[in-house]
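Have a look at structure.cif; it's mmCIF, C-alpha atoms:
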```cif
data_query
#
loop_
_atom_site.group_PDB
_atom_site.id
_atom_site.type_symbol
_atom_site.label_atom_id
_atom_site.label_comp_id
_atom_site.auth_asym_id
_atom_site.auth_seq_id
_atom_site.Cartn_x
_atom_site.Cartn_y
_atom_site.Cartn_z
ATOM 1 C CA MET X 633 0.000 0.000 0.000
ATOM 2 C CA HIS X 634 2.827 2.389 0.939
ATOM 3 C CA PHE X 635 4.591 1.625 -2.345
ATOM 4 C CA ALA X 636 1.384 2.316 -4.330
ATOM 5 C CA LEU X 637 0.842 5.691 -2.610
ATOM 6 C CA GLU X 638 4.457 6.662 -3.209
ATOM 7 C CA PHE X 639 4.138 5.747 -6.893
ATOM 8 C CA ILE X 640 0.957 7.857 -7.292
ATOM 9 C CA LEU X 641 2.606 10.886 -5.610
ATOM 10 C CA ARG X 642 5.666 10.618 -7.844
ATOM 11 C CA PHE X 643 3.443 10.328 -10.917
ATOM 12 C CA PHE X 644 1.591 13.548 -10.089
ATOM 13 C CA LYS X 645 4.888 15.374 -9.440
ATOM 14 C CA ILE X 646 6.136 14.346 -12.900
ATOM 15 C CA TYR X 647 2.667 15.153 -14.357
ATOM 16 C CA ASP X 648 2.871 18.732 -13.010
ATOM 17 C CA LYS X 649 6.520 19.127 -13.902
ATOM 18 C CA ILE X 650 6.163 18.353 -17.627
ATOM 19 C CA GLY X 651 2.825 20.127 -17.949
ATOM 20 C CA LEU X 652 0.999 16.980 -19.063
ATOM 21 C CA GLY X 653 -2.229 18.320 -17.580
ATOM 22 C CA ASN X 654 -2.189 21.391 -19.838
ATOM 23 C CA PHE X 655 -1.355 19.231 -22.837
ATOM 24 C CA ILE X 656 -4.352 16.938 -22.234
ATOM 25 C CA ASN X 657 -6.638 19.901 -21.577
ATOM 26 C CA ASN X 658 -5.529 21.521 -24.822
ATOM 27 C CA MET X 659 -6.047 18.278 -26.736
ATOM 28 C CA PHE X 660 -9.532 17.896 -25.298
ATOM 29 C CA ALA X 661 -10.414 21.530 -26.083
ATOM 30 C CA THR X 662 -9.152 21.097 -29.672
ATOM 31 C CA PHE X 663 -11.162 17.899 -30.063
ATOM 32 C CA CYS X 664 -14.315 19.674 -28.817
ATOM 33 C CA ARG X 665 -13.755 22.548 -31.282
ATOM 34 C CA VAL X 666 -13.299 20.114 -34.163
ATOM 35 C CA VAL X 667 -16.494 18.205 -33.270
ATOM 36 C CA LYS X 668 -18.424 21.468 -32.863
ATOM 37 C CA SER X 669 -17.216 22.744 -36.253
ATOM 38 C CA GLY X 670 -18.178 19.444 -37.875
ATOM 39 C CA CYS X 671 -21.687 19.647 -36.403
ATOM 40 C CA LEU X 672 -22.009 23.259 -37.610
ATOM 41 C CA ASN X 673 -20.940 22.200 -41.116
ATOM 42 C CA PHE X 674 -23.578 19.513 -41.063
ATOM 43 C CA TYR X 675 -26.296 21.910 -39.840
ATOM 44 C CA ARG X 676 -25.443 24.718 -42.260
ATOM 45 C CA ASN X 677 -25.532 22.438 -45.302
ATOM 46 C CA LYS X 678 -28.874 20.782 -44.559
ATOM 47 C CA TRP X 679 -29.886 20.022 -48.136
ATOM 48 C CA LEU X 680 -26.463 18.803 -49.185
ATOM 49 C CA SER X 681 -26.270 16.749 -45.993
ATOM 50 C CA SER X 682 -29.664 15.209 -46.775
ATOM 51 C CA ALA X 683 -28.445 14.195 -50.237
ATOM 52 C CA ALA X 684 -25.304 12.613 -48.808
ATOM 53 C CA ILE X 685 -27.281 10.800 -46.094
ATOM 54 C CA GLY X 686 -29.747 9.522 -48.688
ATOM 55 C CA THR X 687 -26.993 8.132 -50.899
ATOM 56 C CA ILE X 688 -25.077 6.520 -48.039
ATOM 57 C CA SER X 689 -28.356 5.127 -46.653
ATOM 58 C CA LEU X 690 -29.104 3.547 -50.028
ATOM 59 C CA ALA X 691 -25.672 1.937 -50.139
ATOM 60 C CA VAL X 692 -25.972 0.693 -46.555
ATOM 61 C CA PHE X 693 -29.534 -0.521 -47.244
ATOM 62 C CA VAL X 694 -28.475 -2.629 -50.219
ATOM 63 C CA MET X 695 -25.498 -4.020 -48.284
ATOM 64 C CA ALA X 696 -27.892 -4.951 -45.462
ATOM 65 C CA CYS X 697 -30.232 -6.580 -48.014
ATOM 66 C CA LEU X 698 -27.271 -8.641 -49.176
ATOM 67 C CA LEU X 699 -26.672 -9.626 -45.547
ATOM 68 C CA TYR X 700 -30.251 -10.907 -45.213
ATOM 69 C CA LEU X 701 -30.012 -12.589 -48.600
ATOM 70 C CA ASN X 702 -26.864 -14.296 -47.392
ATOM 71 C CA VAL X 703 -28.772 -15.527 -44.304
ATOM 72 C CA ILE X 704 -31.453 -17.009 -46.594
ATOM 73 C CA VAL X 705 -28.917 -18.603 -48.940
ATOM 74 C CA GLU X 706 -26.857 -19.999 -46.064
ATOM 75 C CA SER X 707 -30.002 -21.510 -44.531
ATOM 76 C CA ILE X 708 -31.065 -23.078 -47.846
ATOM 77 C CA VAL X 709 -27.555 -24.387 -48.491
ATOM 78 C CA SER X 710 -27.361 -25.743 -44.947
ATOM 79 C CA ASN X 711 -30.664 -27.586 -45.389
ATOM 80 C CA LEU X 712 -29.547 -29.012 -48.730
ATOM 81 C CA GLU X 713 -26.191 -30.053 -47.287
ATOM 82 C CA GLU X 714 -28.004 -31.896 -44.513
ATOM 83 C CA LYS X 715 -29.841 -33.915 -47.150
ATOM 84 C CA ILE X 716 -26.725 -34.654 -49.199
ATOM 85 C CA ASP X 717 -24.308 -37.395 -48.219
ATOM 86 C CA ILE X 718 -22.364 -40.193 -49.846
ATOM 87 C CA SER X 719 -22.883 -43.857 -49.132
ATOM 88 C CA VAL X 720 -20.197 -46.536 -49.262
ATOM 89 C CA TYR X 721 -21.586 -49.976 -50.156
ATOM 90 C CA PHE X 722 -19.383 -52.880 -49.092
ATOM 91 C CA ASN X 723 -19.208 -56.356 -50.560
ATOM 92 C CA LEU X 724 -21.646 -58.770 -48.890
ATOM 93 C CA ASP X 725 -18.820 -60.950 -47.563
ATOM 94 C CA THR X 726 -16.860 -58.052 -46.001
ATOM 95 C CA PRO X 727 -16.235 -58.700 -42.258
ATOM 96 C CA GLU X 728 -17.759 -56.160 -39.904
ATOM 97 C CA GLU X 729 -14.345 -55.608 -38.279
ATOM 98 C CA GLN X 730 -12.952 -54.433 -41.607
ATOM 99 C CA ILE X 731 -15.867 -52.044 -42.148
ATOM 100 C CA LEU X 732 -15.312 -50.550 -38.694
ATOM 101 C CA LYS X 733 -11.617 -50.082 -39.512
ATOM 102 C CA VAL X 734 -12.547 -48.108 -42.631
ATOM 103 C CA LYS X 735 -14.987 -46.081 -40.531
ATOM 104 C CA ALA X 736 -12.246 -45.313 -37.990
ATOM 105 C CA SER X 737 -9.894 -44.167 -40.768
ATOM 106 C CA LEU X 738 -12.567 -41.912 -42.257
ATOM 107 C CA SER X 739 -13.345 -40.413 -38.855
ATOM 108 C CA LYS X 740 -9.807 -39.001 -38.727
ATOM 109 C CA LEU X 741 -10.386 -36.889 -41.853
ATOM 110 C CA LYS X 742 -11.053 -33.212 -41.094
ATOM 111 C CA GLU X 743 -13.599 -33.105 -43.923
ATOM 112 C CA VAL X 744 -15.871 -35.675 -42.257
ATOM 113 C CA LYS X 745 -18.649 -34.358 -40.027
ATOM 114 C CA TYR X 746 -20.031 -37.727 -38.966
ATOM 115 C CA ILE X 747 -20.332 -41.324 -40.162
ATOM 116 C CA GLU X 748 -23.201 -43.736 -39.704
ATOM 117 C CA TYR X 749 -22.643 -47.492 -39.997
ATOM 118 C CA VAL X 750 -25.655 -49.439 -41.244
ATOM 119 C CA SER X 751 -25.289 -53.209 -41.079
ATOM 120 C CA ALA X 752 -26.954 -55.492 -43.635
ATOM 121 C CA LYS X 753 -29.573 -56.450 -41.046
ATOM 122 C CA ASP X 754 -30.350 -52.796 -40.216
ATOM 123 C CA ALA X 755 -30.512 -51.935 -43.903
ATOM 124 C CA LEU X 756 -33.079 -54.682 -44.437
ATOM 125 C CA GLU X 757 -35.220 -53.433 -41.527
ATOM 126 C CA ARG X 758 -35.123 -49.877 -42.867
ATOM 127 C CA PHE X 759 -36.063 -51.075 -46.344
ATOM 128 C CA LYS X 760 -39.060 -52.987 -44.995
ATOM 129 C CA LYS X 761 -40.218 -49.997 -42.952
ATOM 130 C CA ARG X 762 -39.861 -47.610 -45.899
ATOM 131 C CA HIS X 763 -41.844 -49.829 -48.304
ATOM 132 C CA LYS X 764 -44.324 -51.441 -45.942
ATOM 133 C CA ASP X 765 -47.261 -49.894 -47.814
ATOM 134 C CA GLN X 766 -46.076 -51.191 -51.196
ATOM 135 C CA PRO X 767 -47.122 -54.864 -51.437
ATOM 136 C CA VAL X 768 -45.490 -55.485 -54.848
ATOM 137 C CA ILE X 769 -42.063 -54.448 -53.548
ATOM 138 C CA MET X 770 -42.540 -56.431 -50.335
ATOM 139 C CA GLU X 771 -43.448 -59.598 -52.304
ATOM 140 C CA ALA X 772 -40.355 -59.193 -54.485
ATOM 141 C CA LEU X 773 -38.251 -58.750 -51.373
ATOM 142 C CA GLU X 774 -39.628 -61.906 -49.745
ATOM 143 C CA ALA X 775 -38.776 -63.874 -52.863
ATOM 144 C CA THR X 776 -35.265 -62.458 -52.908
ATOM 145 C CA LEU X 777 -34.674 -63.224 -49.212
ATOM 146 C CA GLU X 778 -34.895 -66.958 -49.935
ATOM 147 C CA ASN X 779 -31.329 -66.675 -51.230
ATOM 148 C CA GLY X 780 -30.170 -64.482 -48.357
ATOM 149 C CA ASN X 781 -30.146 -60.781 -47.515
ATOM 150 C CA PRO X 782 -29.320 -58.867 -50.732
ATOM 151 C CA LEU X 783 -28.707 -55.536 -49.001
ATOM 152 C CA PRO X 784 -25.021 -54.747 -48.313
ATOM 153 C CA PRO X 785 -23.594 -53.088 -45.185
ATOM 154 C CA THR X 786 -22.994 -49.371 -45.760
ATOM 155 C CA LEU X 787 -21.341 -46.294 -44.351
ATOM 156 C CA ASN X 788 -23.281 -43.040 -44.732
ATOM 157 C CA ILE X 789 -20.830 -40.139 -44.654
ATOM 158 C CA LYS X 790 -21.669 -36.489 -44.026
ATOM 159 C CA ALA X 791 -19.052 -33.835 -44.828
ATOM 160 C CA ASN X 792 -18.662 -30.405 -43.233
ATOM 161 C CA LEU X 793 -18.981 -28.714 -46.647
ATOM 162 C CA ALA X 794 -20.411 -29.887 -49.957
ATOM 163 C CA SER X 795 -17.096 -29.180 -51.688
ATOM 164 C CA GLN X 796 -15.307 -31.716 -49.431
ATOM 165 C CA TYR X 797 -17.061 -34.852 -50.699
ATOM 166 C CA GLU X 798 -14.597 -35.213 -53.564
ATOM 167 C CA ASN X 799 -11.663 -35.521 -51.117
ATOM 168 C CA ILE X 800 -13.557 -38.190 -49.171
ATOM 169 C CA ALA X 801 -14.336 -40.107 -52.382
ATOM 170 C CA ASN X 802 -10.663 -39.936 -53.408
ATOM 171 C CA PHE X 803 -9.650 -41.258 -49.985
ATOM 172 C CA LEU X 804 -11.914 -44.292 -50.478
ATOM 173 C CA ASN X 805 -10.249 -45.045 -53.835
ATOM 174 C CA LYS X 806 -7.097 -46.243 -52.080
ATOM 175 C CA PRO X 807 -6.187 -49.849 -52.989
ATOM 176 C CA GLU X 808 -6.457 -51.096 -49.388
ATOM 177 C CA TYR X 809 -10.125 -50.028 -49.296
ATOM 178 C CA LYS X 810 -11.243 -50.662 -52.887
ATOM 179 C CA LYS X 811 -11.057 -54.433 -52.542
ATOM 180 C CA PHE X 812 -13.757 -54.337 -49.836
ATOM 181 C CA ILE X 813 -15.952 -51.664 -51.411
ATOM 182 C CA ASP X 814 -18.569 -52.516 -54.004
ATOM 183 C CA LYS X 815 -19.652 -48.951 -54.832
ATOM 184 C CA VAL X 816 -19.432 -45.326 -53.659
ATOM 185 C CA ASN X 817 -22.400 -43.240 -54.831
ATOM 186 C CA TYR X 818 -20.407 -40.001 -55.062
ATOM 187 C CA LYS X 819 -20.765 -39.831 -58.849
ATOM 188 C CA GLU X 820 -24.564 -39.948 -58.590
ATOM 189 C CA ASN X 821 -24.541 -36.975 -56.176
ATOM 190 C CA LYS X 822 -21.633 -35.147 -57.794
ATOM 191 C CA THR X 823 -23.818 -32.991 -60.072
ATOM 192 C CA VAL X 824 -26.007 -31.808 -57.182
ATOM 193 C CA ILE X 825 -22.969 -31.181 -54.970
ATOM 194 C CA ASN X 826 -21.161 -29.191 -57.675
ATOM 195 C CA ARG X 827 -24.242 -27.094 -58.428
ATOM 196 C CA LEU X 828 -24.746 -26.373 -54.748
ATOM 197 C CA THR X 829 -21.123 -25.266 -54.380
ATOM 198 C CA SER X 830 -21.341 -23.165 -57.558
ATOM 199 C CA VAL X 831 -24.547 -21.385 -56.458
ATOM 200 C CA THR X 832 -23.044 -20.550 -53.059
ATOM 201 C CA LYS X 833 -19.883 -19.079 -54.606
ATOM 202 C CA THR X 834 -21.850 -17.127 -57.241
ATOM 203 C CA VAL X 835 -24.170 -15.531 -54.675
ATOM 204 C CA LYS X 836 -21.245 -14.484 -52.483
ATOM 205 C CA LYS X 837 -19.250 -13.025 -55.401
ATOM 206 C CA THR X 838 -22.293 -11.156 -56.739
ATOM 207 C CA GLY X 839 -22.986 -9.709 -53.308
ATOM 208 C CA VAL X 840 -19.408 -8.466 -52.957
ATOM 209 C CA ILE X 841 -19.433 -6.865 -56.442
ATOM 210 C CA ILE X 842 -22.771 -5.080 -55.865
ATOM 211 C CA SER X 843 -21.585 -3.859 -52.458
ATOM 212 C CA LEU X 844 -18.377 -2.444 -53.937
ATOM 213 C CA ILE X 845 -20.251 -0.651 -56.740
ATOM 214 C CA LEU X 846 -22.716 0.938 -54.311
ATOM 215 C CA ALA X 847 -19.938 1.873 -51.903
ATOM 216 C CA LEU X 848 -18.087 3.603 -54.757
ATOM 217 C CA ILE X 849 -21.240 5.554 -55.744
ATOM 218 C CA ALA X 850 -21.819 6.583 -52.117
ATOM 219 C CA VAL X 851 -18.195 7.712 -51.778
ATOM 220 C CA LEU X 852 -18.417 9.794 -54.974
ATOM 221 C CA VAL X 853 -21.648 11.551 -53.939
ATOM 222 C CA THR X 854 -20.401 12.216 -50.408
ATOM 223 C CA PHE X 855 -17.059 13.349 -51.842
ATOM 224 C CA ASN X 856 -18.776 15.976 -53.980
ATOM 225 C CA THR X 857 -20.977 17.051 -51.058
ATOM 226 C CA ILE X 858 -17.933 17.587 -48.862
ATOM 227 C CA ARG X 859 -16.183 19.469 -51.688
ATOM 228 C CA LEU X 860 -19.095 21.908 -51.872
ATOM 229 C CA THR X 861 -18.873 22.379 -48.114
ATOM 230 C CA ILE X 862 -15.129 22.977 -48.359
ATOM 231 C CA TYR X 863 -15.730 25.507 -51.121
ATOM 232 C CA SER X 864 -18.168 27.468 -48.932
ATOM 233 C CA TRP X 865 -15.526 27.442 -46.152
ATOM 234 C CA ARG X 866 -12.595 28.270 -48.426
ATOM 235 C CA ASP X 867 -11.916 31.691 -46.870
ATOM 236 C CA GLU X 868 -11.905 30.277 -43.321
ATOM 237 C CA ILE X 869 -9.611 27.438 -44.412
ATOM 238 C CA ASN X 870 -7.163 29.845 -46.038
ATOM 239 C CA ILE X 871 -7.083 31.963 -42.876
ATOM 240 C CA MET X 872 -6.465 28.881 -40.712
ATOM 241 C CA LYS X 873 -3.609 27.830 -43.005
ATOM 242 C CA LEU X 874 -2.103 31.346 -42.810
ATOM 243 C CA VAL X 875 -2.134 31.351 -38.990
ATOM 244 C CA GLY X 876 -0.424 27.964 -38.881
ATOM 245 C CA ALA X 877 -3.279 25.527 -38.236
ATOM 246 C CA THR X 878 -2.251 21.942 -38.855
ATOM 247 C CA ASN X 879 -3.778 19.940 -41.678
ATOM 248 C CA TRP X 880 -5.429 17.599 -39.162
ATOM 249 C CA PHE X 881 -7.078 20.548 -37.406
ATOM 250 C CA ILE X 882 -8.478 21.753 -40.750
ATOM 251 C CA ARG X 883 -9.414 18.243 -41.849
ATOM 252 C CA GLY X 884 -11.076 17.270 -38.549
ATOM 253 C CA PRO X 885 -14.468 19.062 -38.894
ATOM 254 C CA PHE X 886 -15.038 17.565 -42.342
ATOM 255 C CA LEU X 887 -14.211 14.076 -41.093
ATOM 256 C CA VAL X 888 -16.692 14.616 -38.261
ATOM 257 C CA GLU X 889 -19.278 15.794 -40.799
ATOM 258 C CA GLY X 890 -18.751 12.647 -42.891
ATOM 259 C CA ALA X 891 -18.987 10.475 -39.788
ATOM 260 C CA ILE X 892 -22.301 12.143 -38.858
ATOM 261 C CA TYR X 893 -23.636 11.250 -42.316
ATOM 262 C CA GLY X 894 -22.636 7.644 -41.670
ATOM 263 C CA ILE X 895 -24.089 7.419 -38.152
ATOM 264 C CA ILE X 896 -27.465 8.824 -39.227
ATOM 265 C CA SER X 897 -27.518 6.583 -42.330
ATOM 266 C CA GLY X 898 -26.734 3.483 -40.278
ATOM 267 C CA VAL X 899 -29.415 4.213 -37.663
ATOM 268 C CA LEU X 900 -32.071 5.122 -40.264
ATOM 269 C CA THR X 901 -31.394 2.014 -42.328
ATOM 270 C CA THR X 902 -31.489 -0.292 -39.304
ATOM 271 C CA LEU X 903 -34.813 1.155 -38.117
ATOM 272 C CA LEU X 904 -36.249 1.048 -41.640
ATOM 273 C CA PHE X 905 -35.701 -2.692 -41.832
ATOM 274 C CA TYR X 906 -38.066 -3.450 -38.922
ATOM 275 C CA PRO X 907 -41.362 -2.644 -40.743
ATOM 276 C CA ILE X 908 -40.000 -4.199 -43.946
ATOM 277 C CA LEU X 909 -39.120 -7.475 -42.204
ATOM 278 C CA LEU X 910 -42.408 -7.373 -40.298
ATOM 279 C CA LEU X 911 -44.188 -7.638 -43.669
ATOM 280 C CA VAL X 912 -41.724 -9.800 -45.592
ATOM 281 C CA SER X 913 -40.552 -12.318 -42.966
ATOM 282 C CA PRO X 914 -43.875 -14.236 -42.584
ATOM 283 C CA LYS X 915 -44.105 -14.662 -46.376
ATOM 284 C CA ILE X 916 -40.551 -15.998 -46.590
ATOM 285 C CA SER X 917 -41.212 -18.327 -43.641
ATOM 286 C CA GLY X 918 -44.270 -19.637 -45.534
ATOM 287 C CA PHE X 919 -41.986 -20.901 -48.323
ATOM 288 C CA LEU X 920 -38.934 -21.637 -46.151
ATOM 289 C CA PRO X 921 -40.103 -22.656 -42.646
ATOM 290 C CA ASP X 922 -36.570 -22.793 -41.231
ATOM 291 C CA ILE X 923 -35.921 -19.095 -42.001
ATOM 292 C CA ASP X 924 -37.207 -16.294 -39.759
ATOM 293 C CA LEU X 925 -35.561 -13.010 -40.752
ATOM 294 C CA LEU X 926 -37.515 -10.963 -38.200
ATOM 295 C CA TYR X 927 -36.221 -13.184 -35.388
ATOM 296 C CA PHE X 928 -32.694 -12.882 -36.803
ATOM 297 C CA TYR X 929 -33.090 -9.082 -36.856
ATOM 298 C CA GLN X 930 -34.388 -8.937 -33.274
ATOM 299 C CA VAL X 931 -31.730 -11.266 -31.847
ATOM 300 C CA ASN X 932 -28.870 -9.538 -33.682
ATOM 301 C CA PHE X 933 -30.244 -5.969 -33.549
ATOM 302 C CA LEU X 934 -27.224 -4.399 -31.830
ATOM 303 C CA SER X 935 -24.760 -6.241 -34.066
ATOM 304 C CA ILE X 936 -26.663 -5.197 -37.197
ATOM 305 C CA LEU X 937 -26.867 -1.586 -35.973
ATOM 306 C CA PHE X 938 -23.135 -1.546 -35.231
ATOM 307 C CA PHE X 939 -22.328 -3.179 -38.593
ATOM 308 C CA GLN X 940 -24.420 -0.653 -40.568
ATOM 309 C CA MET X 941 -23.120 2.335 -38.608
ATOM 310 C CA ILE X 942 -19.523 1.234 -39.199
ATOM 311 C CA ILE X 943 -20.207 0.932 -42.944
ATOM 312 C CA GLY X 944 -21.881 4.353 -42.988
ATOM 313 C CA ILE X 945 -19.139 6.029 -40.953
ATOM 314 C CA GLY X 946 -16.508 4.405 -43.154
ATOM 315 C CA LEU X 947 -18.142 5.648 -46.369
ATOM 316 C CA GLY X 948 -18.671 9.168 -44.983
ATOM 317 C CA ALA X 949 -15.253 9.547 -43.368
ATOM 318 C CA ILE X 950 -13.343 8.129 -46.355
ATOM 319 C CA SER X 951 -15.173 10.485 -48.723
ATOM 320 C CA SER X 952 -14.406 13.459 -46.479
ATOM 321 C CA PHE X 953 -10.764 12.465 -46.100
ATOM 322 C CA ILE X 954 -10.244 12.234 -49.877
ATOM 323 C CA ALA X 955 -12.027 15.545 -50.553
ATOM 324 C CA ILE X 956 -10.157 17.640 -47.961
ATOM 325 C CA ARG X 957 -6.833 15.937 -48.791
ATOM 326 C CA ARG X 958 -7.094 17.080 -52.404
ATOM 327 C CA TYR X 959 -7.925 20.624 -51.287
ATOM 328 C CA LEU X 960 -5.053 20.835 -48.809
ATOM 329 C CA LYS X 961 -2.572 19.877 -51.532
ATOM 330 C CA ARG X 962 -3.328 23.093 -53.428
#
```

Write-out of the structure in structure tokens:
Amino acid sequence: MHFALEFILRFFKIYDKIGLGNFINNMFATFCRVVKSGCLNFYRNKWLSSAAIGTISLAVFVMACLLYLNVIVESIVSNLEEKIDISVYFNLDTPEEQILKVKASLSKLKEVKYIEYVSAKDALERFKKRHKDQPVIMEALEATLENGNPLPPTLNIKANLASQYENIANFLNKPEYKKFIDKVNYKENKTVINRLTSVTKTVKKTGVIISLILALIAVLVTFNTIRLTIYSWRDEINIMKLVGATNWFIRGPFLVEGAIYGIISGVLTTLLFYPILLLVSPKISGFLPDIDLLYFYQVNFLSILFFQMIIGIGLGAISSFIAIRRYLKR
């Protein structure tokens, strides 16, 4: 305790000696002046500010739409992936110990999510249960069973991602496994798997391209808005440069103005989505029962708000930075 008190006293002596208190006070006062000037810029250019906010809001809105679209696509893809697997059919005379060894080897692959072993007996029971209401099939099965169970033992393999089934199929093509395996149905599912992977990649790439285009448009509009503001303040800026104001002091108010555009755009866009999702979400859930966008919005409200505000602030601040940087170079 004594040591801690002594340390605090020494710190304050050094603090007073080097004038750190005045430095911090001056920094805080400068920061307050910059923020105040930025707010005044925003207030004085109401119509220009409205145009910039509208453009940034549109960009943020479309990016948010892409976020919700991504949620829908991910849910659909996830459901499809749950229904897709590959089955490994073993020869009828393959010992169960050997099948379990293959299962153990597959379990070590990082691509494998889980493996289900279905013995010949279990496969027969499942077949009977699935076709119990189809007498023709059941009669054919009874006739076939006179010569023994025709259904082979199988391993049903589920991968973490649809694109990983090819690696699993290649693993099963090893010579030490091929002699026990009758068939792997990867080729039958390959078309569906490839299409699923292709659709997922296409949607993600399209979303990124659209987002970049809209972000560029928002930056250009905000850039021109800030340039008009700078032009109206040109005399004040020239005076500040003459009296020795730093570039960051001159640049600060315009960065604050751009950030205000972004904050308002992010908040407006987030709030606008509530009534939209209130109307749209039930209709989407009618077609896709596993998707509830309104619930997603409510659960992740703060994250979505933060995400959209960050995008808005980024677009506004970057535009302001570019505009004032070009002016200060003159």

Contacts of Phe939 in chain X within 12 Å, only C-alpha atoms, excl. fewer than 2 positions in-chain, as a VMD selection string
chain X and resid 692 to 693 695 to 696 699 894 to 895 897 to 899 901 to 902 932 to 937 941 to 946

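Note that CA of Asn702 in chain X and CA of Lys742 in chain X are 25.4 Å apart.
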
All residues 10 Å or closer to Tyr893 in chain X, all atoms listed in the file, same chain fewer than 4 positions away omitted, as a VMD selection string
chain X and resid 674 681 to 689 854 887 to 889 897 to 898 941 944 to 949

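In this structure, CA of Leu712 in chain X sits 26.1 Å away from CA of Glu757 in chain X.
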
Run the PyMOL selection byres ((chain X and resi 738) around 12) against the file shown and list the residues it catches, as a count of residues only.
32

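Note that CA of Leu793 in chain X and CA of Cys697 in chain X are 24.9 Å apart.
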
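Counting all atoms listed in the file and comparing X:Leu904, X:Ile718, X:Leu860, X:Ile950, the residue that lies closest to Ala847 in chain X is X:Ile950.
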
To test your reading of the syntax: which residues would the PyMOL selection byres ((chain X and resi 724) around 8) return for the file shown? Reply as an NGL selection string.
:X and (722-723 or 725-726 or 782-785)

Check which residues satisfy the PyMOL selection byres ((chain X and resi 917-930) around 9) in the file shown, then give them as a list of chain:residue names.
X:Tyr700, X:Val703, X:Ile704, X:Ser707, X:Ile708, X:Asn711, X:Phe905, X:Tyr906, X:Leu909, X:Leu910, X:Val912, X:Ser913, X:Pro914, X:Lys915, X:Ile916, X:Val931, X:Asn932, X:Phe933, X:Leu934, X:Ile936

May I have the selected residues written with C-alpha atoms, as an mmCIF file, keeping the file's coordinate frame?
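Output below, filename out.cif:
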```cif
data_model
loop_
_atom_site.group_PDB
_atom_site.id
_atom_site.type_symbol
_atom_site.label_atom_id
_atom_site.label_comp_id
_atom_site.auth_asym_id
_atom_site.auth_seq_id
_atom_site.Cartn_x
_atom_site.Cartn_y
_atom_site.Cartn_z
ATOM 1 C CA TYR X 700 -30.251 -10.907 -45.213
ATOM 2 C CA VAL X 703 -28.772 -15.527 -44.304
ATOM 3 C CA ILE X 704 -31.453 -17.009 -46.594
ATOM 4 C CA SER X 707 -30.002 -21.510 -44.531
ATOM 5 C CA ILE X 708 -31.065 -23.078 -47.846
ATOM 6 C CA ASN X 711 -30.664 -27.586 -45.389
ATOM 7 C CA PHE X 905 -35.701 -2.692 -41.832
ATOM 8 C CA TYR X 906 -38.066 -3.450 -38.922
ATOM 9 C CA LEU X 909 -39.120 -7.475 -42.204
ATOM 10 C CA LEU X 910 -42.408 -7.373 -40.298
ATOM 11 C CA VAL X 912 -41.724 -9.800 -45.592
ATOM 12 C CA SER X 913 -40.552 -12.318 -42.966
ATOM 13 C CA PRO X 914 -43.875 -14.236 -42.584
ATOM 14 C CA LYS X 915 -44.105 -14.662 -46.376
ATOM 15 C CA ILE X 916 -40.551 -15.998 -46.590
ATOM 16 C CA VAL X 931 -31.730 -11.266 -31.847
ATOM 17 C CA ASN X 932 -28.870 -9.538 -33.682
ATOM 18 C CA PHE X 933 -30.244 -5.969 -33.549
ATOM 19 C CA LEU X 934 -27.224 -4.399 -31.830
ATOM 20 C CA ILE X 936 -26.663 -5.197 -37.197
#
```

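Closest approach to Ala691 in chain X among X:Leu773, X:Ser843, X:Lys810, X:Thr834 is made by X:Ser843 (distances from only C-alpha atoms).
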
Could you give me, as a PyMOL selection string, the residues within 12 Å of Ala772 in chain X, counting all atoms listed in the file and dropping anything in the same chain fewer than 4 positions from it?
chain X and resi 760+763+766-768+776-778+782

Taking (-16.6, 22.7, -38.2) in the file's coordinates, which residues come within 10 Å, counting all atoms listed in the file, written as number ranges by chain?
X: 665-676, 865, 881-889

Quick one: write out the picked residues with C-alpha atoms as a PDB file, in the frame of the given file?
```
ATOM      1  CA  ARG X 665     -13.755  22.548 -31.282  1.00  0.00           C
ATOM      2  CA  VAL X 666     -13.299  20.114 -34.163  1.00  0.00           C
ATOM      3  CA  VAL X 667     -16.494  18.205 -33.270  1.00  0.00           C
ATOM      4  CA  LYS X 668     -18.424  21.468 -32.863  1.00  0.00           C
ATOM      5  CA  SER X 669     -17.216  22.744 -36.253  1.00  0.00           C
ATOM      6  CA  GLY X 670     -18.178  19.444 -37.875  1.00  0.00           C
ATOM      7  CA  CYS X 671     -21.687  19.647 -36.403  1.00  0.00           C
ATOM      8  CA  LEU X 672     -22.009  23.259 -37.610  1.00  0.00           C
ATOM      9  CA  ASN X 673     -20.940  22.200 -41.116  1.00  0.00           C
ATOM     10  CA  PHE X 674     -23.578  19.513 -41.063  1.00  0.00           C
ATOM     11  CA  TYR X 675     -26.296  21.910 -39.840  1.00  0.00           C
ATOM     12  CA  ARG X 676     -25.443  24.718 -42.260  1.00  0.00           C
ATOM     13  CA  TRP X 865     -15.526  27.442 -46.152  1.00  0.00           C
ATOM     14  CA  PHE X 881      -7.078  20.548 -37.406  1.00  0.00           C
ATOM     15  CA  ILE X 882      -8.478  21.753 -40.750  1.00  0.00           C
ATOM     16  CA  ARG X 883      -9.414  18.243 -41.849  1.00  0.00           C
ATOM     17  CA  GLY X 884     -11.076  17.270 -38.549  1.00  0.00           C
ATOM     18  CA  PRO X 885     -14.468  19.062 -38.894  1.00  0.00           C
ATOM     19  CA  PHE X 886     -15.038  17.565 -42.342  1.00  0.00           C
ATOM     20  CA  LEU X 887     -14.211  14.076 -41.093  1.00  0.00           C
ATOM     21  CA  VAL X 888     -16.692  14.616 -38.261  1.00  0.00           C
ATOM     22  CA  GLU X 889     -19.278  15.794 -40.799  1.00  0.00           C
TER      23      GLU X 889
END
```
